Structures are given as C-alpha cells and as structure tokens.
Amino acid sequence: MTSVKGVVVAEDDAQPDPERAIELLWGAPEPDRPGLSLGRIVTAAIEVADAEGLAALSMRKVAERFGTTTMSLYRYVPGKAELVELMRDAVYGEFPMEPSDGLGWRTGLERWARRAWELHRRHPWVVHSAGTRRLPGPNIMAGYDHALDVASRSGLAPAQVIAVVNLVGGFVESVARQAGETAELQRRTGVSHESWWSERESLFERLDRYPALDALWRGGGMDAPLDPFEFGLQRTLDGVQALIESQGSEVMRDETEAGECVICGKPLDGGGRGRPRDYCSRACQQRAYRQRQAQP
C-alpha cells in the first residue's frame, strides 16, 4: 500500500510521479559499480515480473533478491510505479532496430511489429504496464521514431502516418494481451487452453441453434485456427496499403483528369494548386469575364 495525497491506494494502482519518472528515465546513466544500483534493481524487477507476473512484483520481492531491506531500494527509485516505467524502457532496449535504409513502408512496419511481438512474448507483463499516461523512455522513443520513419515512406499525410503506427502497435498489443491472458490461465490452473475447451461438450451441444456458427464448425473452420498474429498483421497492413492506393488514385485523377477549358475546350494540365482550374489561360478567363458582363 502507498499514499497519494493522503489517500491510501493499492501499490498496483499508484501512478508514478511524472517528473521523477522522467528524471530517472532520461537522466545520465549511473556508473557500473559493485553492489546495489538502479540498473541492477531494474534487472531484478524484470526477472520477478517475467517469472511471476506484474501483479506479483513488489519492492519487497526485489529487495529479497539482494538480501537487503525494502527501504534500501528507495534511495534509487521512489516506488513500484516508477520502477515499472524503468522496466518497460529497459526491455525495449533489448530489441534495437537495425538501420532501415532501403526498406519500403510495409517491410519496415512489418519488421517493427514482429520485434514488438517478440518483446511481448519474452516479457508478457509488458502489456499490463501499458496505458495512455505511461511515460516513454529513450528506448521506447527510439523504436517509435523508427516506426514513424518507415511509415512516412508511404507518402501519407503526417497525421495519417502517426495513426498508422498507432494502429499497427495497437494491433500487436491487443494480440499480446489475449495471448498473455491465455498463458497466465494455463500457468495458474495447469490446464491448457485447448484441453479446457475440449471438455466443454455441454456447451457445444447447444450451439446448433446458431446456423452460421454451426455450419462453419461442421465445415472445419475451427479445426486449424489461423495464427492470430500472422493473419491480423497482414490484414492490418493490407488496410494501410488500400488507403495509400486510394489516395494515390485521387492524386492521379487530379493530375490526369483535370478536364477541359470551359471557353475553348482545350485540355487542362491539372498542374495548378488551390481551387480547380476552369480556364486554360488568362485570355480565356478574360473572355469568360467579358461574356458575363455582356449578359443582360
């Protein structure tokens, strides 16, 4: 338990002090010395979370790994909330991205997504540390910047580039959350996901009242499920591809189907900017003006 402005909250629900967390994440690295250090504390905390999950992590368990007291850790980190921020950035540092020179947007984003997927598989607790107010450290920002760089090669508008990267990252996080929940249930119960569902005959006997589901089940649709990551990643990138192609078609129409001059009928080149052109030249524009003036 801890106290936030006089209100006692569970340790897992506490929010990090943002300024202190930023200082710890972005401050100068400490020298590697024997004994207790911030880097060793973070490494030990990651080991606890990998083995037992984020909910089981506590300052006390980390301190026990060093044979010291919990209070000794507070010289380096204010509490669990700040420690989790440091842990997140540390594991992202395990997956640095190679230079992306020459890669297209799709190849680059796919490689980035696969790195993120491998990170979540190695450290399932990471998905439970996510949130809209989690503070990124230098390793997280380096990966995000890399993804923005390769996504920018799509030619999409800046806001769309950011949205695409968030879309792909959100997909990976969603699949990782489902996989993590399945693995955690198996760890706690000792029963695999497949075994648990195979014993639900009493449920399956009631599903014939749903014709679409029953037809797909009987047709073998559930015999060999598609890999959710592989299938979902490609369909997500296909959606981005469709967006790029649709916008490319619009640009091409603007450039090649600019129309004809309303005065002389000469094709317009479509190379102008701003509002669409109606006249092929200044002379035709003046002719149109004189015609309007001559009308009663």
# chains A, B, ... in the order shown; residues from 1 in each chain; ligands from 1
$ select_by_dssp --residues "segment 43-242 of chain A" --states "alpha helix (DSSP H)" --output "ChimeraX atom specification"
/A:43-52,59-65,70-73,80-92,105-122,138-152,158-189,193-198,201-204,211-218,228-242
$ closest_residue --among "A:Glu110, A:Glu82, A:Glu47, A:Glu64" --to "Ala14 of chain A" --atoms "only C-alpha atoms"
A:Glu82
$ residues_around --residues "Met97 of chain A" --least-positions-apart "4" --cutoff "8 Å" --atoms "only C-alpha atoms" --output "compact mmCIF listing (two decimals) with N, CA and C atoms, in the first residue's frame"
# COMPACT_ATOMS: atom_id res chain seq x y z
N TRP A 112 9.10 -3.99 -37.64
CA TRP A 112 8.89 -3.33 -36.34
C TRP A 112 7.84 -4.06 -35.52
N GLY A 143 12.33 3.30 -30.74
CA GLY A 143 11.53 2.36 -31.53
C GLY A 143 10.36 3.04 -32.21
N HIS A 146 11.58 5.10 -35.10
CA HIS A 146 11.90 4.22 -36.21
C HIS A 146 10.63 3.87 -37.00
$ residues_around --residues "Lys61 of chain A" --least-positions-apart "3" --cutoff "10 Å" --atoms "only C-alpha atoms" --output "VMD selection string"
chain A and resid 44 to 45 48 56 to 58 64 to 67 69 to 70
$ atom_distance --atom1 "atom CA of Val62 of chain A" --atom2 "atom CA of Leu83 of chain A"
10.5 Å
$ residues_around --residues "Val172 of chain A" --least-positions-apart "2" --cutoff "9 Å" --atoms "only C-alpha atoms" --output "JSON, numbers by chain"
{"A": [113, 114, 116, 117, 120, 167, 168, 169, 170, 174, 175, 176, 177, 229, 232, 233]}
$ residues_around --residues "Ala55 of chain A" --least-positions-apart "4" --cutoff "12 Å" --atoms "only C-alpha atoms" --output "ChimeraX atom specification"
/A:10-13,45,48-51,59,61,80-81,84,124-126,128-129,184
$ residues_around --residues "Gln241 of chain A" --least-positions-apart "2" --cutoff "12 Å" --atoms "only C-alpha atoms" --output "list of chain:residue names"
A:Gly104, A:Trp105, A:Arg106, A:Thr107, A:Leu109, A:Ala151, A:Ser154, A:Gly155, A:Leu156, A:Val164, A:Gln234, A:Arg235, A:Thr236, A:Leu237, A:Asp238, A:Gly239, A:Leu243, A:Ile244, A:Glu245, A:Ser246, A:Gln247, A:Gly248
